[in-house]
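Shown next: final.pdb, containing PDB, C-alpha atoms.
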```pdb
ATOM      1  CA  MET A   1     -26.764   2.391 -28.664
ATOM      2  CA  ASN A   2     -23.862   1.609 -26.328
ATOM      3  CA  ASN A   3     -23.492   5.319 -25.513
ATOM      4  CA  LEU A   4     -27.165   5.486 -24.501
ATOM      5  CA  ILE A   5     -26.776   2.444 -22.263
ATOM      6  CA  ASP A   6     -23.649   3.942 -20.683
ATOM      7  CA  LYS A   7     -25.439   7.216 -20.002
ATOM      8  CA  PHE A   8     -28.420   5.370 -18.494
ATOM      9  CA  PHE A   9     -26.300   3.338 -16.079
ATOM     10  CA  SER A  10     -24.125   6.369 -15.244
ATOM     11  CA  HIS A  11     -27.295   8.187 -14.187
ATOM     12  CA  ILE A  12     -28.818   5.298 -12.223
ATOM     13  CA  PHE A  13     -25.554   3.960 -10.745
ATOM     14  CA  PRO A  14     -23.190   6.943 -10.666
ATOM     15  CA  HIS A  15     -19.568   6.323  -9.800
ATOM     16  CA  LYS A  16     -17.454   8.953  -8.083
ATOM     17  CA  CYS A  17     -13.744   9.525  -8.292
ATOM     18  CA  THR A  18     -11.912   8.143  -5.256
ATOM     19  CA  PHE A  19      -9.841  11.310  -4.909
ATOM     20  CA  CYS A  20     -12.044  14.300  -5.807
ATOM     21  CA  ARG A  21     -15.523  12.699  -5.595
ATOM     22  CA  THR A  22     -16.698  14.064  -8.956
ATOM     23  CA  ALA A  23     -19.073  11.903 -10.997
ATOM     24  CA  ILE A  24     -17.460   9.560 -13.512
ATOM     25  CA  PRO A  25     -18.913   7.053 -16.016
ATOM     26  CA  TYR A  26     -19.959   3.748 -14.499
ATOM     27  CA  THR A  27     -17.667   2.034 -17.027
ATOM     28  CA  ASN A  28     -14.658   3.620 -15.284
ATOM     29  CA  ASP A  29     -13.827   0.709 -13.002
ATOM     30  CA  SER A  30     -10.647   2.324 -11.651
ATOM     31  CA  PHE A  31     -12.764   5.013  -9.951
ATOM     32  CA  ILE A  32     -10.194   7.676 -10.923
ATOM     33  CA  CYS A  33     -11.243  10.639 -13.038
ATOM     34  CA  SER A  34      -8.982  11.828 -15.860
ATOM     35  CA  SER A  35      -8.152  15.069 -14.039
ATOM     36  CA  CYS A  36      -6.927  13.294 -10.900
ATOM     37  CA  LYS A  37      -5.127  10.657 -12.956
ATOM     38  CA  ALA A  38      -3.057  13.447 -14.505
ATOM     39  CA  SER A  39      -2.477  15.507 -11.358
ATOM     40  CA  LEU A  40      -2.110  13.122  -8.405
ATOM     41  CA  PRO A  41       1.064  13.572  -6.315
ATOM     42  CA  TYR A  42       3.065  10.690  -7.763
ATOM     43  CA  THR A  43       6.309   9.586  -6.146
ATOM     44  CA  SER A  44       9.560   9.893  -8.074
ATOM     45  CA  LEU A  45      10.920   6.938 -10.003
ATOM     46  CA  ASN A  46      14.427   7.998  -8.929
ATOM     47  CA  GLY A  47      14.142   7.453  -5.186
ATOM     48  CA  CYS A  48      15.835   4.944  -2.927
ATOM     49  CA  ALA A  49      16.377   1.619  -4.688
ATOM     50  CA  LYS A  50      14.826  -0.180  -1.699
ATOM     51  CA  CYS A  51      12.054   1.923  -0.169
ATOM     52  CA  GLY A  52      11.553   4.483  -2.952
ATOM     53  CA  LYS A  53      11.774   7.523  -0.662
ATOM     54  CA  PRO A  54      13.644  10.671  -1.803
ATOM     55  CA  LEU A  55      17.425  10.588  -1.709
ATOM     56  CA  GLY A  56      17.836  14.346  -1.326
ATOM     57  CA  ASP A  57      21.130  15.688  -2.632
ATOM     58  CA  PHE A  58      23.084  12.569  -1.689
ATOM     59  CA  ALA A  59      24.354  10.509  -4.618
ATOM     60  CA  LEU A  60      23.537   7.155  -3.042
ATOM     61  CA  PRO A  61      21.363   4.403  -4.536
ATOM     62  CA  VAL A  62      19.965   3.431  -1.115
ATOM     63  CA  CYS A  63      18.763   5.880   1.551
ATOM     64  CA  LEU A  64      20.280   6.182   5.024
ATOM     65  CA  ASP A  65      17.246   4.601   6.678
ATOM     66  CA  CYS A  66      17.520   1.431   4.583
ATOM     67  CA  ARG A  67      21.298   1.269   5.022
ATOM     68  CA  ARG A  68      21.099   1.603   8.819
ATOM     69  CA  GLU A  69      18.157  -0.710   9.323
ATOM     70  CA  LYS A  70      19.380  -3.406   6.894
ATOM     71  CA  ARG A  71      15.844  -3.843   5.677
ATOM     72  CA  GLN A  72      14.852  -7.244   4.398
ATOM     73  CA  PHE A  73      12.799  -6.172   1.382
ATOM     74  CA  SER A  74      14.418  -5.892  -2.040
ATOM     75  CA  GLY A  75      12.432  -3.077  -3.654
ATOM     76  CA  SER A  76       9.204  -1.097  -3.415
ATOM     77  CA  PHE A  77       6.250  -0.007  -5.517
ATOM     78  CA  THR A  78       4.521   2.974  -3.920
ATOM     79  CA  PRO A  79       2.968   5.244  -6.537
ATOM     80  CA  LEU A  80       1.669   8.148  -4.450
ATOM     81  CA  LYS A  81       2.761  10.654  -1.836
ATOM     82  CA  TYR A  82       0.674  10.745   1.331
ATOM     83  CA  GLU A  83      -0.686  14.268   0.914
ATOM     84  CA  GLY A  84      -3.693  16.236  -0.326
ATOM     85  CA  ASN A  85      -6.504  14.214  -1.895
ATOM     86  CA  VAL A  86      -4.514  11.003  -1.480
ATOM     87  CA  ARG A  87      -4.338  11.484   2.283
ATOM     88  CA  ARG A  88      -8.051  12.332   2.444
ATOM     89  CA  ALA A  89      -8.956   9.268   0.362
ATOM     90  CA  LEU A  90      -6.955   6.948   2.614
ATOM     91  CA  ILE A  91      -8.502   8.411   5.767
ATOM     92  CA  ASN A  92     -11.994   8.055   4.271
ATOM     93  CA  MET A  93     -11.201   4.505   3.186
ATOM     94  CA  LYS A  94     -10.037   3.401   6.639
ATOM     95  CA  PHE A  95     -12.271   5.339   8.989
ATOM     96  CA  TYR A  96     -15.399   6.257   6.997
ATOM     97  CA  ASP A  97     -16.259   2.855   5.525
ATOM     98  CA  ALA A  98     -15.065   3.209   1.937
ATOM     99  CA  PRO A  99     -13.335  -0.128   1.265
ATOM    100  CA  TYR A 100     -14.019   0.133  -2.477
ATOM    101  CA  PHE A 101     -11.362   2.883  -2.652
ATOM    102  CA  THR A 102      -8.811   0.083  -2.476
ATOM    103  CA  ARG A 103      -9.468  -0.736  -6.133
ATOM    104  CA  SER A 104      -8.162   2.672  -7.245
ATOM    105  CA  PHE A 105      -4.981   2.227  -5.242
ATOM    106  CA  ALA A 106      -4.498  -1.306  -6.587
ATOM    107  CA  VAL A 107      -4.766   0.020 -10.147
ATOM    108  CA  LEU A 108      -2.095   2.647  -9.460
ATOM    109  CA  ILE A 109       0.239   0.163  -7.746
ATOM    110  CA  ALA A 110      -0.131  -2.221 -10.692
ATOM    111  CA  GLU A 111       0.662   0.570 -13.132
ATOM    112  CA  ARG A 112       3.809   1.423 -11.166
ATOM    113  CA  ILE A 113       4.895  -2.236 -11.171
ATOM    114  CA  LEU A 114       4.234  -2.632 -14.891
ATOM    115  CA  SER A 115       5.858   0.685 -15.829
ATOM    116  CA  GLY A 116       9.330  -0.790 -15.461
ATOM    117  CA  GLU A 117      10.916  -4.194 -15.582
ATOM    118  CA  MET A 118       8.566  -6.192 -13.383
ATOM    119  CA  PRO A 119      10.429  -8.493 -10.992
ATOM    120  CA  HIS A 120       9.422 -12.123 -10.794
ATOM    121  CA  ILE A 121       6.694 -12.451  -8.147
ATOM    122  CA  ASP A 122       5.192 -15.785  -7.123
ATOM    123  CA  PHE A 123       2.450 -14.553  -4.816
ATOM    124  CA  ILE A 124       1.024 -11.497  -3.065
ATOM    125  CA  THR A 125       0.456 -11.201   0.669
ATOM    126  CA  TYR A 126      -0.462  -8.345   2.993
ATOM    127  CA  VAL A 127       0.060  -6.764   6.395
ATOM    128  CA  PRO A 128      -2.636  -8.115   8.737
ATOM    129  CA  LEU A 129      -4.802  -6.347  11.287
ATOM    130  CA  SER A 130      -5.370  -7.702  14.762
ATOM    131  CA  GLN A 131      -8.671  -9.549  15.143
ATOM    132  CA  SER A 132     -10.098  -6.787  17.343
ATOM    133  CA  ARG A 133      -9.128  -4.066  14.854
ATOM    134  CA  LEU A 134     -10.561  -6.122  11.988
ATOM    135  CA  SER A 135     -13.847  -6.585  13.863
ATOM    136  CA  GLU A 136     -14.001  -2.872  14.617
ATOM    137  CA  ARG A 137     -13.350  -1.749  11.022
ATOM    138  CA  GLY A 138     -15.022  -4.619   9.191
ATOM    139  CA  PHE A 139     -12.278  -5.029   6.598
ATOM    140  CA  ASN A 140      -8.511  -4.979   6.170
ATOM    141  CA  GLN A 141      -7.661  -2.327   3.583
ATOM    142  CA  SER A 142      -4.273  -3.929   2.852
ATOM    143  CA  GLN A 143      -5.924  -7.286   2.197
ATOM    144  CA  LEU A 144      -8.498  -5.764  -0.166
ATOM    145  CA  THR A 145      -5.792  -3.852  -2.028
ATOM    146  CA  ALA A 146      -3.785  -7.082  -2.350
ATOM    147  CA  GLN A 147      -6.813  -8.975  -3.669
ATOM    148  CA  PHE A 148      -7.537  -6.373  -6.349
ATOM    149  CA  LEU A 149      -3.843  -6.284  -7.215
ATOM    150  CA  GLY A 150      -3.844 -10.070  -7.559
ATOM    151  CA  GLU A 151      -6.744  -9.864 -10.003
ATOM    152  CA  ILE A 152      -4.984  -7.230 -12.103
ATOM    153  CA  LEU A 153      -1.603  -9.004 -12.153
ATOM    154  CA  ASN A 154      -3.076 -12.515 -12.259
ATOM    155  CA  LEU A 155      -1.181 -13.583  -9.149
ATOM    156  CA  PRO A 156      -2.378 -15.629  -6.148
ATOM    157  CA  VAL A 157      -2.970 -13.862  -2.837
ATOM    158  CA  LYS A 158      -2.038 -15.700   0.367
ATOM    159  CA  PRO A 159      -2.613 -14.880   4.061
ATOM    160  CA  THR A 160       0.773 -15.445   5.703
ATOM    161  CA  LEU A 161       1.042 -13.212   8.774
ATOM    162  CA  ILE A 162      -0.845 -12.663  12.035
ATOM    163  CA  CYS A 163      -0.995  -9.469  14.110
ATOM    164  CA  ARG A 164      -0.835  -9.929  17.874
ATOM    165  CA  GLU A 165      -3.541  -8.442  20.057
ATOM    166  CA  GLY A 166      -2.673  -5.655  22.482
ATOM    167  CA  THR A 167       0.240  -4.069  20.606
ATOM    168  CA  ALA A 168       0.393  -0.293  20.226
ATOM    169  CA  ARG A 169      -0.808   1.452  17.081
ATOM    170  CA  GLN A 170       2.172   2.423  14.944
ATOM    171  CA  SER A 171       0.659   5.846  14.216
ATOM    172  CA  THR A 172       1.031   6.805  17.917
ATOM    173  CA  LEU A 173       4.779   6.054  18.121
ATOM    174  CA  ASN A 174       8.036   7.771  17.169
ATOM    175  CA  TYR A 175      10.610   6.269  14.802
ATOM    176  CA  ALA A 176      12.525   4.180  17.360
ATOM    177  CA  LEU A 177       9.401   2.892  19.094
ATOM    178  CA  ARG A 178       7.780   2.011  15.738
ATOM    179  CA  ARG A 179      10.717  -0.238  14.910
ATOM    180  CA  GLU A 180      10.572  -2.101  18.230
ATOM    181  CA  ASN A 181       6.776  -2.313  18.222
ATOM    182  CA  ALA A 182       6.720  -3.710  14.667
ATOM    183  CA  LYS A 183       9.142  -6.497  15.616
ATOM    184  CA  LYS A 184       6.809  -7.799  18.334
ATOM    185  CA  SER A 185       3.495  -7.105  16.585
ATOM    186  CA  PHE A 186       3.578  -9.819  13.926
ATOM    187  CA  TYR A 187       4.323 -13.496  13.547
ATOM    188  CA  GLY A 188       3.967 -16.041  10.770
ATOM    189  CA  GLU A 189       1.198 -18.501  10.052
ATOM    190  CA  ASN A 190       2.176 -22.136  10.642
ATOM    191  CA  ILE A 191       3.260 -22.532   7.027
ATOM    192  CA  SER A 192       6.341 -22.966   4.893
ATOM    193  CA  LEU A 193       6.815 -20.534   2.010
ATOM    194  CA  SER A 194       8.997 -20.408  -1.074
ATOM    195  CA  GLY A 195       9.586 -18.070  -3.992
ATOM    196  CA  MET A 196       9.304 -14.303  -4.204
ATOM    197  CA  ALA A 197       6.551 -12.382  -2.424
ATOM    198  CA  LEU A 198       4.950  -8.971  -2.882
ATOM    199  CA  LEU A 199       3.910  -7.613   0.537
ATOM    200  CA  VAL A 200       1.123  -4.990   0.510
ATOM    201  CA  ASP A 201       0.306  -2.285   3.081
ATOM    202  CA  ASP A 202      -1.775   0.888   2.875
ATOM    203  CA  ILE A 203       0.710   3.573   3.989
ATOM    204  CA  MET A 204       4.481   3.438   4.330
ATOM    205  CA  THR A 205       5.639   5.861   7.016
ATOM    206  CA  THR A 206       9.004   4.778   8.423
ATOM    207  CA  GLY A 207       9.005   1.361   6.750
ATOM    208  CA  SER A 208       9.284  -0.412  10.108
ATOM    209  CA  THR A 209       6.103  -2.469   9.701
ATOM    210  CA  LEU A 210       6.945  -3.600   6.179
ATOM    211  CA  SER A 211      10.534  -4.415   7.130
ATOM    212  CA  ALA A 212       9.451  -6.489  10.141
ATOM    213  CA  CYS A 213       6.890  -8.381   8.075
ATOM    214  CA  ALA A 214       9.376  -8.943   5.232
ATOM    215  CA  SER A 215      11.848 -10.403   7.725
ATOM    216  CA  ILE A 216       9.227 -12.906   8.918
ATOM    217  CA  LEU A 217       8.382 -13.910   5.337
ATOM    218  CA  ILE A 218      12.042 -14.608   4.630
ATOM    219  CA  LYS A 219      12.279 -16.722   7.804
ATOM    220  CA  LEU A 220       9.243 -18.659   6.550
ATOM    221  CA  GLY A 221      11.152 -19.467   3.349
ATOM    222  CA  CYS A 222      10.686 -16.629   0.836
ATOM    223  CA  SER A 223      13.780 -15.999  -1.271
ATOM    224  CA  LYS A 224      12.922 -12.307  -1.772
ATOM    225  CA  VAL A 225      10.249  -9.881  -0.638
ATOM    226  CA  TYR A 226       9.165  -6.766  -2.526
ATOM    227  CA  ILE A 227       6.826  -4.261  -0.925
ATOM    228  CA  ALA A 228       3.931  -2.178  -2.209
ATOM    229  CA  ALA A 229       1.909   0.529  -0.506
ATOM    230  CA  CYS A 230      -0.862   2.849  -1.607
ATOM    231  CA  ALA A 231       1.080   5.917  -0.501
ATOM    232  CA  SER A 232       4.275   6.939   1.244
ATOM    233  CA  LYS A 233       5.137   9.676   3.685
ATOM    234  CA  GLN A 234       8.144  11.059   1.874
ATOM    235  CA  SER A 235      10.309  12.278   4.735
ATOM    236  CA  SER A 236      13.299  10.145   5.675
ATOM    237  CA  ARG A 237      16.149  10.723   8.084
ATOM    238  CA  LEU A 238      18.508  11.250   5.151
ATOM    239  CA  THR A 239      16.396  14.017   3.613
ATOM    240  CA  ASP A 240      15.807  15.495   7.076
ATOM    241  CA  LEU A 241      19.563  15.748   7.591
ATOM    242  CA  ALA A 242      19.899  17.527   4.271
ATOM    243  CA  GLN A 243      17.472  20.290   5.293
TER     244      GLN A 243
END
```
Once more with this new file: its structure as structure tokens, please.
Amino acid sequence: MNNLIDKFFSHIFPHKCTFCRTAIPYTNDSFICSSCKASLPYTSLNGCAKCGKPLGDFALPVCLDCRREKRQFSGSFTPLKYEGNVRRALINMKFYDAPYFTRSFAVLIAERILSGEMPHIDFITYVPLSQSRLSERGFNQSQLTAQFLGEILNLPVKPTLICREGTARQSTLNYALRRENAKKSFYGENISLSGMALLVDDIMTTGSTLSACASILIKLGCSKVYIAACASKQSSRLTDLAQ
């Protein structure tokens, strides 16, 4: 009887995989088909101890970028590489009104967190959008991902940061300009924080945005900040030097 009900609802309310868009049972609330689950471009578990990016051939626990920048976050959970179907899904999510894709990414981030020794986390927060960008898009993908992640991990989600109006989009800037732009783009809510935070963003490129936001959270009182992102662009200056 249950199989008949499942088939009925799958026909009337079909779900599609976030990454390949094939039909999946409506009971699959991760929105990831079994084929994609097995073949997605997962990041290595043996990357930089801070940002998770590849270390290349250098026998160092922390990559050159994190060493030079003295980043304020203590570790990262970024399950996917920003390529192929992952890249397409993130573009569709942000620019083609598919906010429900965030659930799939939250599931994968949670699995990465739970796959090892989960650090103590007191609350989850997220990288904000400016008010004009939020009005234009209608949602903040990082906030939605954080909210789903909070449900999965049974952790509270708090708004803690504000994005200033009129700052440049990070995607239009080079490495050095990203770092400077990130420092002036965000500031903290008028609050006092404590404990350990998990800071969520959609894509980690250079890590400048996450590092700047983590620094603010620590100034607001957090003892440690861990970061999570849906996907990561895997190039770093250390691996570039090795090529």
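Closest to Leu161 in chain A among A:Glu111, A:Leu220, A:Met196, A:Leu149 is A:Leu220, based on only C-alpha atoms.
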Give me, as a tab-separated table, the closest atom pair and its distance (Å, one decimal) for every residue of range 135-235 of chain A within a cut-off of 7 Å of range 61-76 of chain A, counting all atoms listed in the file, rows sorted by chain and rising number.
```
residue	atom	partner	partner_atom	distance
A:Ser211	CA	A:Arg71	CA	5.5
A:Ala214	CA	A:Gln72	CA	5.8
A:Ser215	CA	A:Gln72	CA	5.5
A:Lys224	CA	A:Ser74	CA	6.6
A:Val225	CA	A:Phe73	CA	4.9
A:Tyr226	CA	A:Gly75	CA	5.1
A:Ile227	CA	A:Ser76	CA	4.7
A:Ala228	CA	A:Ser76	CA	5.5
```
* Asked: Please, what distance in Å, to one decimal, runs between CA of Met118 in chain A and CA of Ala197 in chain A?
  ->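 These atoms are spaced 12.7 Å apart.
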* Structure fact -> The distance between CA of Glu189 in chain A and CA of Thr160 in chain A is 5.3 Å
* Counting only C-alpha atoms, the residue of A:Gly221, A:Pro128, A:Pro159, A:Asp202 that sits nearest Arg87 in chain A ->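 Nearest candidate to Arg87 in chain A out of A:Gly221, A:Pro128, A:Pro159, A:Asp202: A:Asp202.
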* Asked: Need the neighbours of (-1.9, 11.5, -5.7): which residues are at most 9 Å away, counting all atoms listed in the file, as a PyMOL selection string?
  -> chain A and resi 19+36-37+39-43+79-87+231
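Comparing A:Asn190, A:Ser130, A:Ser142, A:Ser44 by their smallest distance to Met93 in chain A, the closest is A:Ser142 (using all atoms listed in the file).
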* Contacts of Val107 in chain A at 8 Å or less, counting only C-alpha atoms, minus same-chain residues fewer than 5 places along, as a ChimeraX atom specification? -> /A:30,148-149,152
* Using the chain letters and residue numbers of this document, give as an NGL selection string the residues selected by the PyMOL selection byres ((chain A and resi 163) around 8). => :A and (128-131 or 161-162 or 164-165 or 185-187)
* **Point-to-point distance from CA of Gln234 in chain A to CA of Ser132 in chain A, Å rounded to tenths** =>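 Computing the Euclidean distance for CA of Gln234 in chain A and CA of Ser132 in chain A yields 29.8 Å.
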Output, as lines of an AutoDock Vina configuration file, the centre and edge lengths in Å (one decimal) of the axis-aligned box that contains all listed atoms of range 104-122 of chain A with 5 Å of margin on each side.
```
center_x = 1.4
center_y = -6.6
center_z = -10.5
size_x = 29.1
size_y = 28.5
size_z = 20.6
```
